[in-house]
Amino acid sequence: MGSDEPKFTDARPWHRVRLTGYWIDKNLVTNAQFARFMAATHYVTVAERKPRAADFPNAPPEVLVPGSIVFTPPLHPVPLDNGMQWWAYVPGANWRHPQGPSSTIKGRENYPVVQIAYEDAEAYAKWAGKRLPTEAEFEYAERGGLDRAPYAWGKEFMPGGKYMANTFQGNFPDKDTGADGHIGISPVGSYQANGYGLYDMSGNVWEWTSDWYRPDYYKMLTANGPVAVNPKGPEESIDPSEPGVPKKVHRGGSFLCSDQYCSRYMPGGRGKGEPSTSTNHLGFRLVKDAGPAISRDMTTGLGK
């Protein structure tokens, strides 16, 4: 587990992990699936709730309205040193309206549900009788049986000239050419499955995992012994770039990943997010523990 990609400083060192058996969804949770959950439970997502003044003491009351974070590309090239240039808080953005009130999921039932905060994903998981994957479980599944390959499908980014994942082409962040067949999010299963029969483990949308984030966690694991057994992340989160803001690990990358800025669709690439924050490039899939009859050290993938 890990990466030797120079830009992935928080994914070092390589370390050995042993996992007991588990089942993982072959696709991300879709809009249609989430809609069934909403109809059955009448749950209200974090993005649909009015922000509490106590959580944002310096915010004027008029800006404390339900909404979420939306990728908003600039009209021209910009320096890549400030992500605020292409992200905006959009009132009315939520899972039903991923890019704001004028957007819709009608006709996009088979797209991944997005604008999902961590507690939203946990609520769905409880209803479905499953759970979010650990970071280690996600990486094992993403690799699809390949040992330390740079991509989830092998050694080449475009084997035979074929795109294998939904990522960003063109000039980030202002111009996505859609050379891979999609500008923005794509329906689940639009690209070839990996070696375990799993779709969109790399690219399309980031995915929540259950682990807290800290950049030195892999060093902590290797200091504790030669093999980490079922690691579940550190007990607390530390992010030196935002001290005091706990974050959960995101995995898999998204349609915004580009070698110009973020190539973390590559296995081992780690993202991070404050649990109450949702965006239009973040979703989830679930796992379920295997029964005693098939629970074992993971030497082959179960992937169904």
# chains A, B, ... in the order shown; residues from 1 in each chain; ligands from 1
>>> select_by_dssp(residues="segment 43-233 of chain A", states="strand (DSSP E)", output="VMD selection string")
chain A and resid 67 to 71 87 to 91 170 to 171 175 to 176 206 to 212 227 to 229
>>> write_last_selection(atoms="C-alpha atoms", output="tab-separated table (two decimals), in the first residue's frame")
chain	number	residue	atom	x	y	z
A	67	GLY	CA	-25.96	25.27	-0.20
A	68	SER	CA	-22.72	23.56	-1.09
A	69	ILE	CA	-19.41	23.80	-2.94
A	70	VAL	CA	-19.44	23.76	-6.76
A	71	PHE	CA	-16.60	23.66	-9.27
A	87	TRP	CA	-14.54	26.70	-6.23
A	88	ALA	CA	-17.61	28.62	-5.04
A	89	TYR	CA	-20.23	28.20	-2.32
A	90	VAL	CA	-23.51	28.07	-4.24
A	91	PRO	CA	-26.80	28.60	-2.34
A	170	GLY	CA	-7.16	20.35	-21.68
A	171	ASN	CA	-5.95	23.24	-19.57
A	175	LYS	CA	-10.85	24.34	-20.30
A	176	ASP	CA	-11.83	20.67	-20.20
A	206	TRP	CA	-13.77	11.27	-5.16
A	207	GLU	CA	-15.07	8.82	-2.57
A	208	TRP	CA	-15.39	9.06	1.21
A	209	THR	CA	-13.52	6.53	3.36
A	210	SER	CA	-13.92	6.03	7.09
A	211	ASP	CA	-10.31	6.95	8.00
A	212	TRP	CA	-9.27	10.21	9.59
A	227	VAL	CA	2.50	-5.79	8.51
A	228	ALA	CA	-0.51	-3.63	9.42
A	229	VAL	CA	-3.59	-5.79	10.02
>>> select_by_dssp(residues="segment 2-160 of chain A", states="alpha helix (DSSP H)", output="PyMOL selection string")
chain A and resi 31-41+118-128+135-143
>>> closest_residue(among="A:Lys232, A:Ile24, A:Val65, A:Asp10", to="Lys272 of chain A", atoms="only C-alpha atoms")
A:Asp10
>>> closest_residue(among="A:Tyr151, A:Phe172, A:Tyr218, A:Tyr265", to="Pro234 of chain A", atoms="only C-alpha atoms")
A:Tyr218
>>> residues_around(residues="Tyr261 of chain A", least_positions_apart="6", cutoff="12 Å", atoms="only C-alpha atoms", output="list of chain:residue names")
A:Lys7, A:Val78, A:Pro79, A:Leu80, A:Asp81, A:Asn82, A:Gly83, A:Thr167, A:Phe168, A:Gln169, A:Gly170, A:Asn171, A:Phe172, A:Pro173, A:Gly253
>>> residues_around(residues="segment 129-133 of chain A", least_positions_apart="4", cutoff="10 Å", atoms="only C-alpha atoms", output="ChimeraX atom specification")
/A:22-25,118,121-125,137-139,141,207-211,232,284-289
>>> write_last_selection(atoms="C-alpha atoms", output="short mmCIF file (atom, residue, chain, number, x, y, z; two decimals), in the first residue's frame")
data_model
loop_
_atom_site.label_atom_id
_atom_site.label_comp_id
_atom_site.auth_asym_id
_atom_site.auth_seq_id
_atom_site.Cartn_x
_atom_site.Cartn_y
_atom_site.Cartn_z
CA TYR A 22 -15.03 -7.98 2.51
CA TRP A 23 -17.49 -7.26 -0.28
CA ILE A 24 -17.40 -3.92 -2.06
CA ASP A 25 -19.98 -2.30 -4.33
CA TYR A 118 -19.68 12.35 5.46
CA ALA A 121 -22.90 8.76 3.45
CA GLU A 122 -22.96 7.16 6.89
CA ALA A 123 -26.74 7.55 7.12
CA TYR A 124 -27.20 5.84 3.76
CA ALA A 125 -24.78 3.07 4.78
CA GLU A 137 -9.85 -1.52 1.75
CA PHE A 138 -10.37 1.10 -0.93
CA GLU A 139 -6.78 0.94 -2.19
CA ALA A 141 -9.94 -2.85 -4.32
CA GLU A 207 -15.07 8.82 -2.57
CA TRP A 208 -15.39 9.06 1.21
CA THR A 209 -13.52 6.53 3.36
CA SER A 210 -13.92 6.03 7.09
CA ASP A 211 -10.31 6.95 8.00
CA LYS A 232 -8.62 1.78 10.33
CA PHE A 284 -19.19 7.25 -2.11
CA ARG A 285 -19.55 3.49 -2.39
CA LEU A 286 -19.99 0.95 0.39
CA VAL A 287 -18.55 -2.29 1.67
CA LYS A 288 -19.86 -5.16 3.76
CA ASP A 289 -17.93 -7.55 5.95
#
>>> closest_residue(among="A:Val44, A:Val29, A:Met164, A:Ala149", to="Ser3 of chain A", atoms="only C-alpha atoms")
A:Ala149
>>> residues_around(residues="segment 15-19 of chain A", least_positions_apart="4", cutoff="7 Å", atoms="only C-alpha atoms", output="list in words")
Met1, Gly2, Thr222, Pro226, Val227, Ala228, Val229, Asn230, Asp297 and Met298 of chain A
>>> write_last_selection(atoms="N, CA and C atoms", output="PDB file, in the first residue's frame")
ATOM      1  N   MET A   1       0.847  -1.182   0.000  1.00  0.00           N
ATOM      2  CA  MET A   1       0.000   0.000   0.000  1.00  0.00           C
ATOM      3  C   MET A   1       0.883   1.232   0.000  1.00  0.00           C
ATOM      4  N   GLY A   2       0.454   2.273  -0.738  1.00  0.00           N
ATOM      5  CA  GLY A   2       1.223   3.502  -0.784  1.00  0.00           C
ATOM      6  C   GLY A   2       1.532   3.920  -2.208  1.00  0.00           C
ATOM      7  N   THR A 222       4.266   1.776   9.736  1.00  0.00           N
ATOM      8  CA  THR A 222       5.511   1.023   9.552  1.00  0.00           C
ATOM      9  C   THR A 222       6.330   0.974  10.832  1.00  0.00           C
ATOM     10  N   PRO A 226       6.016  -4.954  10.735  1.00  0.00           N
ATOM     11  CA  PRO A 226       6.192  -5.191   9.300  1.00  0.00           C
ATOM     12  C   PRO A 226       4.883  -5.291   8.516  1.00  0.00           C
ATOM     13  N   VAL A 227       3.777  -5.639   9.197  1.00  0.00           N
ATOM     14  CA  VAL A 227       2.495  -5.789   8.513  1.00  0.00           C
ATOM     15  C   VAL A 227       1.407  -5.134   9.361  1.00  0.00           C
ATOM     16  N   ALA A 228       0.632  -4.250   8.737  1.00  0.00           N
ATOM     17  CA  ALA A 228      -0.510  -3.633   9.416  1.00  0.00           C
ATOM     18  C   ALA A 228      -1.748  -4.479   9.134  1.00  0.00           C
ATOM     19  N   VAL A 229      -2.437  -4.915  10.167  1.00  0.00           N
ATOM     20  CA  VAL A 229      -3.595  -5.790  10.018  1.00  0.00           C
ATOM     21  C   VAL A 229      -4.873  -4.964  10.170  1.00  0.00           C
ATOM     22  N   ASN A 230      -5.661  -4.938   9.107  1.00  0.00           N
ATOM     23  CA  ASN A 230      -6.938  -4.206   9.100  1.00  0.00           C
ATOM     24  C   ASN A 230      -6.817  -2.781   9.644  1.00  0.00           C
ATOM     25  N   ASP A 297      -7.422 -13.752   4.840  1.00  0.00           N
ATOM     26  CA  ASP A 297      -6.460 -12.757   4.380  1.00  0.00           C
ATOM     27  C   ASP A 297      -6.718 -12.482   2.912  1.00  0.00           C
ATOM     28  N   MET A 298      -6.674 -11.203   2.562  1.00  0.00           N
ATOM     29  CA  MET A 298      -7.028 -10.836   1.193  1.00  0.00           C
ATOM     30  C   MET A 298      -5.832 -11.067   0.265  1.00  0.00           C
TER      31      MET A 298
END
>>> closest_residue(among="A:Asn194, A:Thr134, A:Arg143, A:His281", to="Lys248 of chain A", atoms="only C-alpha atoms")
A:Thr134
>>> atom_distance(atom1="atom CA of Arg12 of chain A", atom2="atom CA of Lys219 of chain A")
7.1 Å
>>> closest_residue(among="A:Pro13, A:Phe8, A:Val46, A:Ser202", to="Asp120 of chain A", atoms="only C-alpha atoms")
A:Val46
>>> closest_residue(among="A:Val249, A:Met38, A:Val114, A:Ile105", to="Arg270 of chain A", atoms="only C-alpha atoms")
A:Val249
>>> atom_distance(atom1="atom CA of Glu48 of chain A", atom2="atom CA of Ser254 of chain A")
23.2 Å
>>> residues_around(residues="Val245 of chain A", least_positions_apart="2", cutoff="12 Å", atoms="only C-alpha atoms", output="MDAnalysis selection string")
chainID A and resid 212:214 236:243 247:248 272:277
